[in-house]
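Chemist: mmCIF, N, CA and C atoms and all ligand atoms, saved as protein.cif, coming up:
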```
data_target
loop_
_atom_site.label_atom_id
_atom_site.label_comp_id
_atom_site.auth_asym_id
_atom_site.auth_seq_id
_atom_site.Cartn_x
_atom_site.Cartn_y
_atom_site.Cartn_z
N MET A 7 124.11 77.25 72.86
CA MET A 7 123.98 77.80 74.21
C MET A 7 123.85 79.33 74.13
N MET A 8 124.75 79.94 73.42
CA MET A 8 124.77 81.39 73.22
C MET A 8 123.45 81.88 72.62
N ASN A 9 122.97 81.14 71.62
CA ASN A 9 121.72 81.53 70.94
C ASN A 9 120.53 81.57 71.89
N VAL A 10 120.45 80.55 72.73
CA VAL A 10 119.33 80.48 73.68
C VAL A 10 119.34 81.71 74.56
N LYS A 11 120.52 82.09 75.00
CA LYS A 11 120.64 83.26 75.87
C LYS A 11 120.16 84.52 75.13
N ARG A 12 120.58 84.64 73.88
CA ARG A 12 120.17 85.82 73.10
C ARG A 12 118.66 85.86 72.91
N ILE A 13 118.10 84.69 72.62
CA ILE A 13 116.64 84.63 72.42
C ILE A 13 115.93 85.04 73.71
N LYS A 14 116.46 84.57 74.83
CA LYS A 14 115.85 84.93 76.12
C LYS A 14 115.90 86.43 76.33
N ILE A 15 117.03 87.03 76.00
CA ILE A 15 117.16 88.49 76.17
C ILE A 15 116.17 89.21 75.26
N LYS A 16 116.07 88.74 74.02
CA LYS A 16 115.13 89.36 73.07
C LYS A 16 113.69 89.23 73.58
N LEU A 17 113.36 88.03 74.06
CA LEU A 17 112.00 87.82 74.58
C LEU A 17 111.72 88.74 75.75
N PHE A 18 112.71 88.90 76.61
CA PHE A 18 112.54 89.77 77.77
C PHE A 18 112.21 91.20 77.31
N PHE A 19 112.95 91.69 76.34
CA PHE A 19 112.70 93.06 75.87
C PHE A 19 111.38 93.19 75.14
N LEU A 20 111.02 92.16 74.38
CA LEU A 20 109.73 92.19 73.69
C LEU A 20 108.59 92.27 74.70
N CYS A 21 108.68 91.47 75.76
CA CYS A 21 107.64 91.50 76.81
C CYS A 21 107.58 92.87 77.44
N PHE A 22 108.75 93.42 77.73
CA PHE A 22 108.83 94.73 78.38
C PHE A 22 108.15 95.79 77.51
N ILE A 23 108.48 95.80 76.21
CA ILE A 23 107.90 96.80 75.30
C ILE A 23 106.39 96.60 75.18
N PHE A 24 105.97 95.35 75.13
CA PHE A 24 104.55 95.02 75.02
C PHE A 24 103.78 95.57 76.23
N ILE A 25 104.25 95.24 77.42
CA ILE A 25 103.56 95.67 78.65
C ILE A 25 103.60 97.20 78.75
N TYR A 26 104.73 97.79 78.41
CA TYR A 26 104.87 99.24 78.46
C TYR A 26 103.86 99.91 77.53
N SER A 27 103.74 99.38 76.31
CA SER A 27 102.82 100.02 75.34
C SER A 27 101.37 99.86 75.78
N ILE A 28 101.02 98.76 76.43
CA ILE A 28 99.66 98.61 76.95
C ILE A 28 99.38 99.69 77.99
N SER A 29 100.31 99.89 78.92
CA SER A 29 100.06 100.86 79.99
C SER A 29 100.00 102.27 79.42
N VAL A 30 100.83 102.59 78.44
CA VAL A 30 100.79 103.92 77.84
C VAL A 30 99.47 104.14 77.12
N ASN A 31 99.01 103.13 76.39
CA ASN A 31 97.73 103.25 75.68
C ASN A 31 96.57 103.47 76.64
N ALA A 32 96.56 102.72 77.75
CA ALA A 32 95.48 102.86 78.72
C ALA A 32 95.47 104.28 79.27
N ALA A 33 96.65 104.80 79.56
CA ALA A 33 96.74 106.14 80.14
C ALA A 33 96.22 107.18 79.14
N THR A 34 96.61 107.07 77.88
CA THR A 34 96.20 108.10 76.93
C THR A 34 94.71 108.00 76.63
N ARG A 35 94.15 106.80 76.67
CA ARG A 35 92.71 106.66 76.44
C ARG A 35 91.96 107.29 77.61
N GLY A 36 92.41 107.03 78.84
CA GLY A 36 91.80 107.62 80.02
C GLY A 36 91.86 109.15 79.96
N GLU A 37 92.97 109.66 79.51
CA GLU A 37 93.13 111.11 79.41
C GLU A 37 92.15 111.70 78.40
N LYS A 38 92.05 111.03 77.26
CA LYS A 38 91.13 111.50 76.21
C LYS A 38 89.69 111.53 76.73
N LEU A 39 89.30 110.44 77.41
CA LEU A 39 87.94 110.35 77.93
C LEU A 39 87.70 111.40 79.02
N TYR A 40 88.72 111.64 79.84
CA TYR A 40 88.59 112.67 80.88
C TYR A 40 88.36 114.03 80.21
N LEU A 41 89.18 114.34 79.22
CA LEU A 41 89.07 115.65 78.57
C LEU A 41 87.71 115.81 77.88
N GLN A 42 87.20 114.72 77.32
CA GLN A 42 85.91 114.78 76.62
C GLN A 42 84.73 114.91 77.58
N ASN A 43 84.82 114.26 78.75
CA ASN A 43 83.63 114.13 79.59
C ASN A 43 83.67 114.89 80.92
N CYS A 44 84.85 115.20 81.38
CA CYS A 44 84.97 115.72 82.75
C CYS A 44 85.56 117.12 82.79
N MET A 45 86.34 117.46 81.79
CA MET A 45 87.07 118.72 81.79
C MET A 45 86.15 119.93 81.89
N VAL A 46 84.97 119.83 81.29
CA VAL A 46 84.06 120.97 81.26
C VAL A 46 83.79 121.50 82.67
N CYS A 47 83.72 120.62 83.66
CA CYS A 47 83.50 121.07 85.05
C CYS A 47 84.80 121.05 85.87
N HIS A 48 85.67 120.09 85.59
CA HIS A 48 86.82 119.89 86.48
C HIS A 48 88.11 120.52 85.97
N ALA A 49 88.11 121.07 84.76
CA ALA A 49 89.29 121.66 84.13
C ALA A 49 90.30 120.57 83.75
N ASP A 50 91.18 120.88 82.83
CA ASP A 50 92.10 119.84 82.33
C ASP A 50 93.04 119.33 83.43
N ASP A 51 93.31 120.16 84.44
CA ASP A 51 94.22 119.73 85.50
C ASP A 51 93.49 119.36 86.79
N GLY A 52 92.15 119.27 86.73
CA GLY A 52 91.38 118.86 87.90
C GLY A 52 91.11 119.97 88.90
N SER A 53 91.57 121.17 88.62
CA SER A 53 91.47 122.25 89.61
C SER A 53 90.06 122.84 89.72
N GLY A 54 89.19 122.48 88.77
CA GLY A 54 87.81 122.99 88.81
C GLY A 54 87.63 124.13 87.83
N ALA A 55 86.62 124.02 86.97
CA ALA A 55 86.44 125.01 85.91
C ALA A 55 85.35 126.02 86.25
N MET A 56 84.66 125.81 87.37
CA MET A 56 83.60 126.75 87.75
C MET A 56 83.37 126.68 89.26
N PRO A 57 82.75 127.76 89.83
CA PRO A 57 82.53 127.76 91.27
C PRO A 57 81.65 126.58 91.69
N GLY A 58 81.92 126.00 92.84
CA GLY A 58 81.12 124.89 93.34
C GLY A 58 81.71 123.54 93.01
N VAL A 59 82.69 123.51 92.10
CA VAL A 59 83.35 122.24 91.77
C VAL A 59 84.65 122.17 92.57
N LEU A 60 84.76 121.17 93.40
CA LEU A 60 85.95 121.08 94.26
C LEU A 60 87.21 120.85 93.43
N ASP A 61 88.33 121.27 93.99
CA ASP A 61 89.62 121.12 93.33
C ASP A 61 90.14 119.70 93.56
N LEU A 62 90.09 118.88 92.51
CA LEU A 62 90.50 117.48 92.64
C LEU A 62 92.01 117.36 92.83
N ASP A 63 92.71 118.43 92.49
CA ASP A 63 94.15 118.42 92.59
C ASP A 63 94.60 118.77 94.02
N GLU A 64 93.80 119.56 94.73
CA GLU A 64 94.11 120.00 96.10
C GLU A 64 93.45 119.07 97.11
N ASN A 65 92.17 118.76 96.84
CA ASN A 65 91.37 117.97 97.77
C ASN A 65 91.66 116.50 97.54
N ARG A 66 92.31 115.87 98.52
CA ARG A 66 92.78 114.50 98.32
C ARG A 66 91.78 113.43 98.72
N ALA A 67 90.63 113.84 99.27
CA ALA A 67 89.69 112.85 99.81
C ALA A 67 89.34 111.78 98.78
N TRP A 68 89.07 112.19 97.54
CA TRP A 68 88.65 111.22 96.51
C TRP A 68 89.73 110.18 96.23
N SER A 69 90.99 110.59 96.36
CA SER A 69 92.08 109.66 96.01
C SER A 69 92.24 108.54 97.04
N MET A 70 91.63 108.74 98.23
CA MET A 70 91.68 107.72 99.28
C MET A 70 90.60 106.65 99.06
N ILE A 71 89.64 106.95 98.19
CA ILE A 71 88.55 106.01 97.94
C ILE A 71 89.05 104.95 96.97
N ASP A 72 88.78 103.67 97.26
CA ASP A 72 89.29 102.63 96.37
C ASP A 72 88.54 102.63 95.03
N ASP A 73 89.14 101.99 94.04
CA ASP A 73 88.62 102.03 92.66
C ASP A 73 87.15 101.63 92.56
N ILE A 74 86.77 100.58 93.29
CA ILE A 74 85.40 100.05 93.16
C ILE A 74 84.38 101.05 93.69
N LYS A 75 84.67 101.63 94.87
CA LYS A 75 83.76 102.62 95.45
C LYS A 75 83.71 103.89 94.61
N LEU A 76 84.87 104.29 94.10
CA LEU A 76 84.92 105.51 93.30
C LEU A 76 84.15 105.32 92.00
N LEU A 77 84.30 104.14 91.41
CA LEU A 77 83.55 103.81 90.19
C LEU A 77 82.05 103.92 90.44
N THR A 78 81.59 103.33 91.54
CA THR A 78 80.16 103.39 91.89
C THR A 78 79.71 104.84 92.05
N ARG A 79 80.54 105.63 92.73
CA ARG A 79 80.20 107.03 92.97
C ARG A 79 80.09 107.81 91.66
N LEU A 80 81.03 107.56 90.75
CA LEU A 80 81.00 108.27 89.47
C LEU A 80 79.80 107.83 88.63
N LYS A 81 79.43 106.56 88.77
CA LYS A 81 78.27 106.06 88.01
C LYS A 81 76.96 106.66 88.52
N GLN A 82 76.91 106.89 89.84
CA GLN A 82 75.67 107.41 90.43
C GLN A 82 75.60 108.93 90.37
N GLY A 83 76.77 109.57 90.32
CA GLY A 83 76.81 111.02 90.42
C GLY A 83 76.80 111.42 91.88
N ILE A 84 77.03 112.70 92.13
CA ILE A 84 77.10 113.19 93.51
C ILE A 84 76.15 114.37 93.67
N GLN A 85 75.14 114.16 94.49
CA GLN A 85 74.20 115.24 94.76
C GLN A 85 74.21 115.55 96.25
N LYS A 86 74.76 116.69 96.60
CA LYS A 86 74.71 117.11 98.00
C LYS A 86 73.64 118.18 98.11
N PRO A 87 72.77 118.07 99.13
CA PRO A 87 71.62 118.96 99.23
C PRO A 87 71.99 120.44 99.25
N ASP A 88 73.14 120.77 99.88
CA ASP A 88 73.48 122.18 100.03
C ASP A 88 74.38 122.70 98.91
N ALA A 89 74.73 121.84 97.95
CA ALA A 89 75.69 122.26 96.92
C ALA A 89 75.01 123.09 95.83
N SER A 90 75.75 124.05 95.28
CA SER A 90 75.21 124.90 94.22
C SER A 90 75.19 124.16 92.88
N ILE A 91 76.07 123.19 92.74
CA ILE A 91 76.13 122.40 91.49
C ILE A 91 76.41 120.96 91.88
N SER A 92 75.75 120.01 91.19
CA SER A 92 76.03 118.62 91.53
C SER A 92 76.69 117.92 90.34
N MET A 93 77.23 116.77 90.63
CA MET A 93 77.90 116.01 89.58
C MET A 93 76.92 115.01 88.99
N PRO A 94 76.64 115.11 87.68
CA PRO A 94 75.71 114.17 87.06
C PRO A 94 76.32 112.77 86.97
N ALA A 95 75.47 111.74 86.94
CA ALA A 95 75.94 110.37 86.80
C ALA A 95 76.82 110.25 85.55
N LYS A 96 77.96 109.62 85.70
CA LYS A 96 78.94 109.43 84.61
C LYS A 96 79.32 110.76 83.96
N GLY A 97 79.27 111.83 84.71
CA GLY A 97 79.60 113.14 84.16
C GLY A 97 78.60 113.58 83.10
N GLY A 98 77.44 112.90 83.06
CA GLY A 98 76.39 113.28 82.11
C GLY A 98 76.46 112.52 80.79
N ASN A 99 77.38 111.57 80.69
CA ASN A 99 77.48 110.77 79.45
C ASN A 99 77.12 109.31 79.74
N PRO A 100 75.86 108.91 79.49
CA PRO A 100 75.42 107.55 79.81
C PRO A 100 76.16 106.48 79.00
N ASN A 101 76.85 106.88 77.93
CA ASN A 101 77.55 105.89 77.10
C ASN A 101 78.86 105.40 77.70
N LEU A 102 79.34 106.06 78.76
CA LEU A 102 80.60 105.63 79.36
C LEU A 102 80.42 104.27 80.04
N THR A 103 81.30 103.33 79.71
CA THR A 103 81.23 102.00 80.31
C THR A 103 82.08 101.97 81.59
N ASP A 104 81.98 100.88 82.34
CA ASP A 104 82.82 100.71 83.54
C ASP A 104 84.29 100.78 83.16
N LYS A 105 84.62 100.17 82.02
CA LYS A 105 86.01 100.15 81.56
C LYS A 105 86.48 101.58 81.29
N ASP A 106 85.63 102.37 80.62
CA ASP A 106 85.97 103.78 80.35
C ASP A 106 86.25 104.52 81.66
N LEU A 107 85.32 104.36 82.61
CA LEU A 107 85.44 105.09 83.87
C LEU A 107 86.68 104.64 84.65
N LYS A 108 87.00 103.34 84.59
CA LYS A 108 88.21 102.85 85.26
C LYS A 108 89.46 103.48 84.65
N GLU A 109 89.45 103.64 83.34
CA GLU A 109 90.61 104.25 82.68
C GLU A 109 90.71 105.73 83.04
N ILE A 110 89.57 106.39 83.20
CA ILE A 110 89.57 107.79 83.63
C ILE A 110 90.14 107.89 85.06
N ILE A 111 89.68 106.98 85.94
CA ILE A 111 90.17 106.97 87.33
C ILE A 111 91.68 106.76 87.33
N HIS A 112 92.14 105.82 86.52
CA HIS A 112 93.57 105.53 86.41
C HIS A 112 94.33 106.80 85.98
N TYR A 113 93.78 107.48 85.01
CA TYR A 113 94.41 108.72 84.53
C TYR A 113 94.46 109.78 85.64
N MET A 114 93.34 109.95 86.36
CA MET A 114 93.30 110.97 87.41
C MET A 114 94.29 110.66 88.53
N ARG A 115 94.38 109.36 88.89
CA ARG A 115 95.31 108.98 89.96
C ARG A 115 96.75 109.27 89.56
N GLN A 116 97.05 109.10 88.29
CA GLN A 116 98.42 109.30 87.83
C GLN A 116 98.76 110.77 87.60
N SER A 117 97.76 111.57 87.19
CA SER A 117 98.07 112.92 86.76
C SER A 117 97.84 113.99 87.81
N PHE A 118 96.85 113.78 88.69
CA PHE A 118 96.57 114.79 89.70
C PHE A 118 97.37 114.48 90.97
N LEU A 119 97.27 115.39 91.93
CA LEU A 119 97.86 115.18 93.26
C LEU A 119 99.37 115.03 93.20
N GLN A 120 100.00 115.60 92.18
CA GLN A 120 101.47 115.47 92.10
C GLN A 120 102.14 116.50 92.99
C1 LIG B 201 78.44 119.14 85.39
C2 LIG B 201 79.71 119.22 86.03
C3 LIG B 201 80.52 117.96 86.26
C4 LIG B 201 80.96 117.04 85.34
C5 LIG B 201 80.70 117.01 83.83
C6 LIG B 201 81.76 116.09 86.06
N1 LIG B 201 81.81 116.41 87.39
FE1 LIG B 201 82.84 115.45 88.85
N2 LIG B 201 82.06 116.69 90.24
C7 LIG B 201 81.26 117.78 89.98
C8 LIG B 201 80.92 118.43 91.24
C9 LIG B 201 80.05 119.67 91.41
C10 LIG B 201 81.55 117.69 92.26
C11 LIG B 201 81.54 117.97 93.76
C12 LIG B 201 80.35 117.38 94.39
C13 LIG B 201 80.35 117.76 95.85
O1 LIG B 201 81.17 117.23 96.60
O2 LIG B 201 79.55 118.59 96.20
C14 LIG B 201 82.28 116.61 91.59
C15 LIG B 201 83.05 115.67 92.27
C16 LIG B 201 83.87 114.76 91.64
C17 LIG B 201 84.80 113.88 92.32
C18 LIG B 201 85.04 113.82 93.84
C19 LIG B 201 84.21 112.71 94.38
C20 LIG B 201 84.22 112.65 95.87
O3 LIG B 201 83.54 111.77 96.38
O4 LIG B 201 84.86 113.47 96.53
C21 LIG B 201 85.42 113.13 91.37
C22 LIG B 201 86.48 112.08 91.58
C23 LIG B 201 84.86 113.53 90.10
N3 LIG B 201 83.92 114.51 90.30
C24 LIG B 201 85.22 112.97 88.89
C25 LIG B 201 84.59 113.26 87.68
C26 LIG B 201 84.82 112.53 86.46
C27 LIG B 201 85.78 111.37 86.31
C28 LIG B 201 84.03 113.09 85.50
C29 LIG B 201 83.88 112.67 84.05
C30 LIG B 201 83.45 111.33 83.81
C31 LIG B 201 83.29 114.18 86.13
N4 LIG B 201 83.65 114.23 87.44
C32 LIG B 201 82.40 115.00 85.48
C33 LIG B 201 80.83 118.20 88.75
C34 LIG B 201 81.06 117.55 87.54
#
```
Go ahead and render the structure in this file as structure tokens.
Ligand code: HEC

Modeler:
Amino acid sequence: MMNVKRIKIKLFFLCFIFIYSISVNAATRGEKLYLQNCMVCHADDGSGAMPGVLDLDENRAWSMIDDIKLLTRLKQGIQKPDASISMPAKGGNPNLTDKDLKEIIHYMRQSFLQ
């Protein structure tokens, strides 16, 4: 009886560590991809690295957009007729997959707007 209880406790902790490590890995991968592909214009903290790039940390509009719409927007890029600089599709890296972009979105949601 005692053994079964111990095994259950061990299993519970193993599951917890497993799920925790998955979420940590996803976050760090998203961060790496953000720094490689987006930082050049948006800065490491999202505040914008050059004039004409909105502050993702101050401007909350993007965070209200759901994941699917935001993914589509990042894939297409953002061209506003009156803007001095536009956002290239996938930040200019055609090799980024949907999974990559989702991990970047996940990272931005967790790290910005604090
Ligand atoms: C060449 C510069 C450049 C790069 C690289 C770039 N962006 Fe942007 N991004 C912009 C500009 C400029 C805007 C603002 C467009 C506007 O609203 O006029 C923008 C807007 C955004 C927005 C706000 C979208 C909205 O609808 O309000 C998000 C989110 C964003 N970028 C994420 C990213 C991510 C993620 C990457 C990397 C995959 C990236 N950007 C790479 C220039 C860039």

Chemist: Taking only N, CA and C atoms and all ligand atoms into account, which residues have an atom no farther than 8 Å from ligand LIG 201 (chain B)? I'd like them as a ChimeraX atom specification.

Modeler: /A:39-48,57-62,65-69,71,76,79-81,83-99,102,106-107,110-111,114

Chemist: Include N, CA and C atoms and write out the residues we just selected as a short mmCIF file (atom, residue, chain, number, x, y, z; two decimals), in the frame of the given file.

Modeler:
```
data_model
loop_
_atom_site.label_atom_id
_atom_site.label_comp_id
_atom_site.auth_asym_id
_atom_site.auth_seq_id
_atom_site.Cartn_x
_atom_site.Cartn_y
_atom_site.Cartn_z
N LEU A 39 89.30 110.44 77.41
CA LEU A 39 87.94 110.35 77.93
C LEU A 39 87.70 111.40 79.02
N TYR A 40 88.72 111.64 79.84
CA TYR A 40 88.59 112.67 80.88
C TYR A 40 88.36 114.03 80.21
N LEU A 41 89.18 114.34 79.22
CA LEU A 41 89.07 115.65 78.57
C LEU A 41 87.71 115.81 77.88
N GLN A 42 87.20 114.72 77.32
CA GLN A 42 85.91 114.78 76.62
C GLN A 42 84.73 114.91 77.58
N ASN A 43 84.82 114.26 78.75
CA ASN A 43 83.63 114.13 79.59
C ASN A 43 83.67 114.89 80.92
N CYS A 44 84.85 115.20 81.38
CA CYS A 44 84.97 115.72 82.75
C CYS A 44 85.56 117.12 82.79
N MET A 45 86.34 117.46 81.79
CA MET A 45 87.07 118.72 81.79
C MET A 45 86.15 119.93 81.89
N VAL A 46 84.97 119.83 81.29
CA VAL A 46 84.06 120.97 81.26
C VAL A 46 83.79 121.50 82.67
N CYS A 47 83.72 120.62 83.66
CA CYS A 47 83.50 121.07 85.05
C CYS A 47 84.80 121.05 85.87
N HIS A 48 85.67 120.09 85.59
CA HIS A 48 86.82 119.89 86.48
C HIS A 48 88.11 120.52 85.97
N PRO A 57 82.75 127.76 89.83
CA PRO A 57 82.53 127.76 91.27
C PRO A 57 81.65 126.58 91.69
N GLY A 58 81.92 126.00 92.84
CA GLY A 58 81.12 124.89 93.34
C GLY A 58 81.71 123.54 93.01
N VAL A 59 82.69 123.51 92.10
CA VAL A 59 83.35 122.24 91.77
C VAL A 59 84.65 122.17 92.57
N LEU A 60 84.76 121.17 93.40
CA LEU A 60 85.95 121.08 94.26
C LEU A 60 87.21 120.85 93.43
N ASP A 61 88.33 121.27 93.99
CA ASP A 61 89.62 121.12 93.33
C ASP A 61 90.14 119.70 93.56
N LEU A 62 90.09 118.88 92.51
CA LEU A 62 90.50 117.48 92.64
C LEU A 62 92.01 117.36 92.83
N ASN A 65 92.17 118.76 96.84
CA ASN A 65 91.37 117.97 97.77
C ASN A 65 91.66 116.50 97.54
N ARG A 66 92.31 115.87 98.52
CA ARG A 66 92.78 114.50 98.32
C ARG A 66 91.78 113.43 98.72
N ALA A 67 90.63 113.84 99.27
CA ALA A 67 89.69 112.85 99.81
C ALA A 67 89.34 111.78 98.78
N TRP A 68 89.07 112.19 97.54
CA TRP A 68 88.65 111.22 96.51
C TRP A 68 89.73 110.18 96.23
N SER A 69 90.99 110.59 96.36
CA SER A 69 92.08 109.66 96.01
C SER A 69 92.24 108.54 97.04
N ILE A 71 89.64 106.95 98.19
CA ILE A 71 88.55 106.01 97.94
C ILE A 71 89.05 104.95 96.97
N LEU A 76 84.87 104.29 94.10
CA LEU A 76 84.92 105.51 93.30
C LEU A 76 84.15 105.32 92.00
N ARG A 79 80.54 105.63 92.73
CA ARG A 79 80.20 107.03 92.97
C ARG A 79 80.09 107.81 91.66
N LEU A 80 81.03 107.56 90.75
CA LEU A 80 81.00 108.27 89.47
C LEU A 80 79.80 107.83 88.63
N LYS A 81 79.43 106.56 88.77
CA LYS A 81 78.27 106.06 88.01
C LYS A 81 76.96 106.66 88.52
N GLY A 83 76.77 109.57 90.32
CA GLY A 83 76.81 111.02 90.42
C GLY A 83 76.80 111.42 91.88
N ILE A 84 77.03 112.70 92.13
CA ILE A 84 77.10 113.19 93.51
C ILE A 84 76.15 114.37 93.67
N GLN A 85 75.14 114.16 94.49
CA GLN A 85 74.20 115.24 94.76
C GLN A 85 74.21 115.55 96.25
N LYS A 86 74.76 116.69 96.60
CA LYS A 86 74.71 117.11 98.00
C LYS A 86 73.64 118.18 98.11
N PRO A 87 72.77 118.07 99.13
CA PRO A 87 71.62 118.96 99.23
C PRO A 87 71.99 120.44 99.25
N ASP A 88 73.14 120.77 99.88
CA ASP A 88 73.48 122.18 100.03
C ASP A 88 74.38 122.70 98.91
N ALA A 89 74.73 121.84 97.95
CA ALA A 89 75.69 122.26 96.92
C ALA A 89 75.01 123.09 95.83
N SER A 90 75.75 124.05 95.28
CA SER A 90 75.21 124.90 94.22
C SER A 90 75.19 124.16 92.88
N ILE A 91 76.07 123.19 92.74
CA ILE A 91 76.13 122.40 91.49
C ILE A 91 76.41 120.96 91.88
N SER A 92 75.75 120.01 91.19
CA SER A 92 76.03 118.62 91.53
C SER A 92 76.69 117.92 90.34
N MET A 93 77.23 116.77 90.63
CA MET A 93 77.90 116.01 89.58
C MET A 93 76.92 115.01 88.99
N PRO A 94 76.64 115.11 87.68
CA PRO A 94 75.71 114.17 87.06
C PRO A 94 76.32 112.77 86.97
N ALA A 95 75.47 111.74 86.94
CA ALA A 95 75.94 110.37 86.80
C ALA A 95 76.82 110.25 85.55
N LYS A 96 77.96 109.62 85.70
CA LYS A 96 78.94 109.43 84.61
C LYS A 96 79.32 110.76 83.96
N GLY A 97 79.27 111.83 84.71
CA GLY A 97 79.60 113.14 84.16
C GLY A 97 78.60 113.58 83.10
N GLY A 98 77.44 112.90 83.06
CA GLY A 98 76.39 113.28 82.11
C GLY A 98 76.46 112.52 80.79
N ASN A 99 77.38 111.57 80.69
CA ASN A 99 77.48 110.77 79.45
C ASN A 99 77.12 109.31 79.74
N LEU A 102 79.34 106.06 78.76
CA LEU A 102 80.60 105.63 79.36
C LEU A 102 80.42 104.27 80.04
N ASP A 106 85.63 102.37 80.62
CA ASP A 106 85.97 103.78 80.35
C ASP A 106 86.25 104.52 81.66
N LEU A 107 85.32 104.36 82.61
CA LEU A 107 85.44 105.09 83.87
C LEU A 107 86.68 104.64 84.65
N ILE A 110 89.57 106.39 83.20
CA ILE A 110 89.57 107.79 83.63
C ILE A 110 90.14 107.89 85.06
N ILE A 111 89.68 106.98 85.94
CA ILE A 111 90.17 106.97 87.33
C ILE A 111 91.68 106.76 87.33
N MET A 114 93.34 109.95 86.36
CA MET A 114 93.30 110.97 87.41
C MET A 114 94.29 110.66 88.53
#
```

Chemist: Using all atoms listed in the file for the distances, tell me which of A:Phe18, A:Phe118, A:Thr103, A:Asn9 is nearest to Glu64 of chain A.

Modeler: A:Phe118

Chemist: I need the residue nearest His112 of chain A from this list: A:Lys75, A:Gly52, A:Glu37, A:Ser27. Use all atoms listed in the file for the distance.

Modeler: A:Glu37

Chemist: Output as number ranges by chain all residues of segment 53-91 of chain A that backbone DSSP marks as alpha helix (DSSP H).

Modeler: A: 73-82

Chemist: At what distance in Å, to one decimal, does atom N of Arg35 of chain A lie from atom N of Leu20 of chain A?

Modeler: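 Atom N of Arg35 of chain A lies 22.5 Å from atom N of Leu20 of chain A.
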
Chemist: Could segment 20-25 of chain A be completed with all heavy atoms and returned as a PDB file, keeping the file's coordinate frame?

Modeler:
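Output file result-v6.pdb follows:
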```pdb
ATOM      1  N   LEU A  20     111.020  92.160  74.380  1.00  0.00           N
ATOM      2  CA  LEU A  20     109.730  92.190  73.690  1.00  0.00           C
ATOM      3  C   LEU A  20     108.590  92.270  74.700  1.00  0.00           C
ATOM      4  O   LEU A  20     107.656  93.066  74.535  1.00  0.00           O
ATOM      5  CB  LEU A  20     109.551  90.945  72.816  1.00  0.00           C
ATOM      6  CG  LEU A  20     110.166  91.045  71.429  1.00  0.00           C
ATOM      7  CD1 LEU A  20     109.971  89.719  70.682  1.00  0.00           C
ATOM      8  CD2 LEU A  20     109.540  92.178  70.642  1.00  0.00           C
ATOM      9  N   CYS A  21     108.680  91.470  75.760  1.00  0.00           N
ATOM     10  CA  CYS A  21     107.640  91.500  76.810  1.00  0.00           C
ATOM     11  C   CYS A  21     107.580  92.870  77.440  1.00  0.00           C
ATOM     12  O   CYS A  21     106.505  93.429  77.675  1.00  0.00           O
ATOM     13  CB  CYS A  21     107.937  90.477  77.908  1.00  0.00           C
ATOM     14  SG  CYS A  21     107.628  88.817  77.373  1.00  0.00           S
ATOM     15  N   PHE A  22     108.750  93.420  77.730  1.00  0.00           N
ATOM     16  CA  PHE A  22     108.830  94.730  78.380  1.00  0.00           C
ATOM     17  C   PHE A  22     108.150  95.790  77.510  1.00  0.00           C
ATOM     18  O   PHE A  22     107.302  96.549  77.978  1.00  0.00           O
ATOM     19  CB  PHE A  22     110.299  95.085  78.601  1.00  0.00           C
ATOM     20  CG  PHE A  22     110.481  96.418  79.253  1.00  0.00           C
ATOM     21  CD1 PHE A  22     110.277  96.565  80.624  1.00  0.00           C
ATOM     22  CD2 PHE A  22     110.844  97.527  78.508  1.00  0.00           C
ATOM     23  CE1 PHE A  22     110.434  97.794  81.232  1.00  0.00           C
ATOM     24  CE2 PHE A  22     110.997  98.760  79.104  1.00  0.00           C
ATOM     25  CZ  PHE A  22     110.793  98.896  80.478  1.00  0.00           C
ATOM     26  N   ILE A  23     108.480  95.800  76.210  1.00  0.00           N
ATOM     27  CA  ILE A  23     107.900  96.800  75.300  1.00  0.00           C
ATOM     28  C   ILE A  23     106.390  96.600  75.180  1.00  0.00           C
ATOM     29  O   ILE A  23     105.618  97.554  75.196  1.00  0.00           O
ATOM     30  CB  ILE A  23     108.582  96.711  73.914  1.00  0.00           C
ATOM     31  CG1 ILE A  23     110.018  97.229  74.014  1.00  0.00           C
ATOM     32  CG2 ILE A  23     107.808  97.497  72.859  1.00  0.00           C
ATOM     33  CD1 ILE A  23     110.885  96.872  72.839  1.00  0.00           C
ATOM     34  N   PHE A  24     105.970  95.350  75.130  1.00  0.00           N
ATOM     35  CA  PHE A  24     104.550  95.020  75.020  1.00  0.00           C
ATOM     36  C   PHE A  24     103.780  95.570  76.230  1.00  0.00           C
ATOM     37  O   PHE A  24     102.801  96.310  76.073  1.00  0.00           O
ATOM     38  CB  PHE A  24     104.392  93.504  74.911  1.00  0.00           C
ATOM     39  CG  PHE A  24     102.976  93.044  74.781  1.00  0.00           C
ATOM     40  CD1 PHE A  24     102.236  93.360  73.644  1.00  0.00           C
ATOM     41  CD2 PHE A  24     102.380  92.290  75.776  1.00  0.00           C
ATOM     42  CE1 PHE A  24     100.928  92.940  73.523  1.00  0.00           C
ATOM     43  CE2 PHE A  24     101.072  91.872  75.659  1.00  0.00           C
ATOM     44  CZ  PHE A  24     100.343  92.203  74.528  1.00  0.00           C
ATOM     45  N   ILE A  25     104.250  95.240  77.420  1.00  0.00           N
ATOM     46  CA  ILE A  25     103.560  95.670  78.650  1.00  0.00           C
ATOM     47  C   ILE A  25     103.600  97.200  78.750  1.00  0.00           C
ATOM     48  O   ILE A  25     102.607  97.836  79.097  1.00  0.00           O
ATOM     49  CB  ILE A  25     104.212  95.012  79.894  1.00  0.00           C
ATOM     50  CG1 ILE A  25     103.876  93.522  79.884  1.00  0.00           C
ATOM     51  CG2 ILE A  25     103.713  95.657  81.180  1.00  0.00           C
ATOM     52  CD1 ILE A  25     104.690  92.686  80.826  1.00  0.00           C
TER      53      ILE A  25
END
```
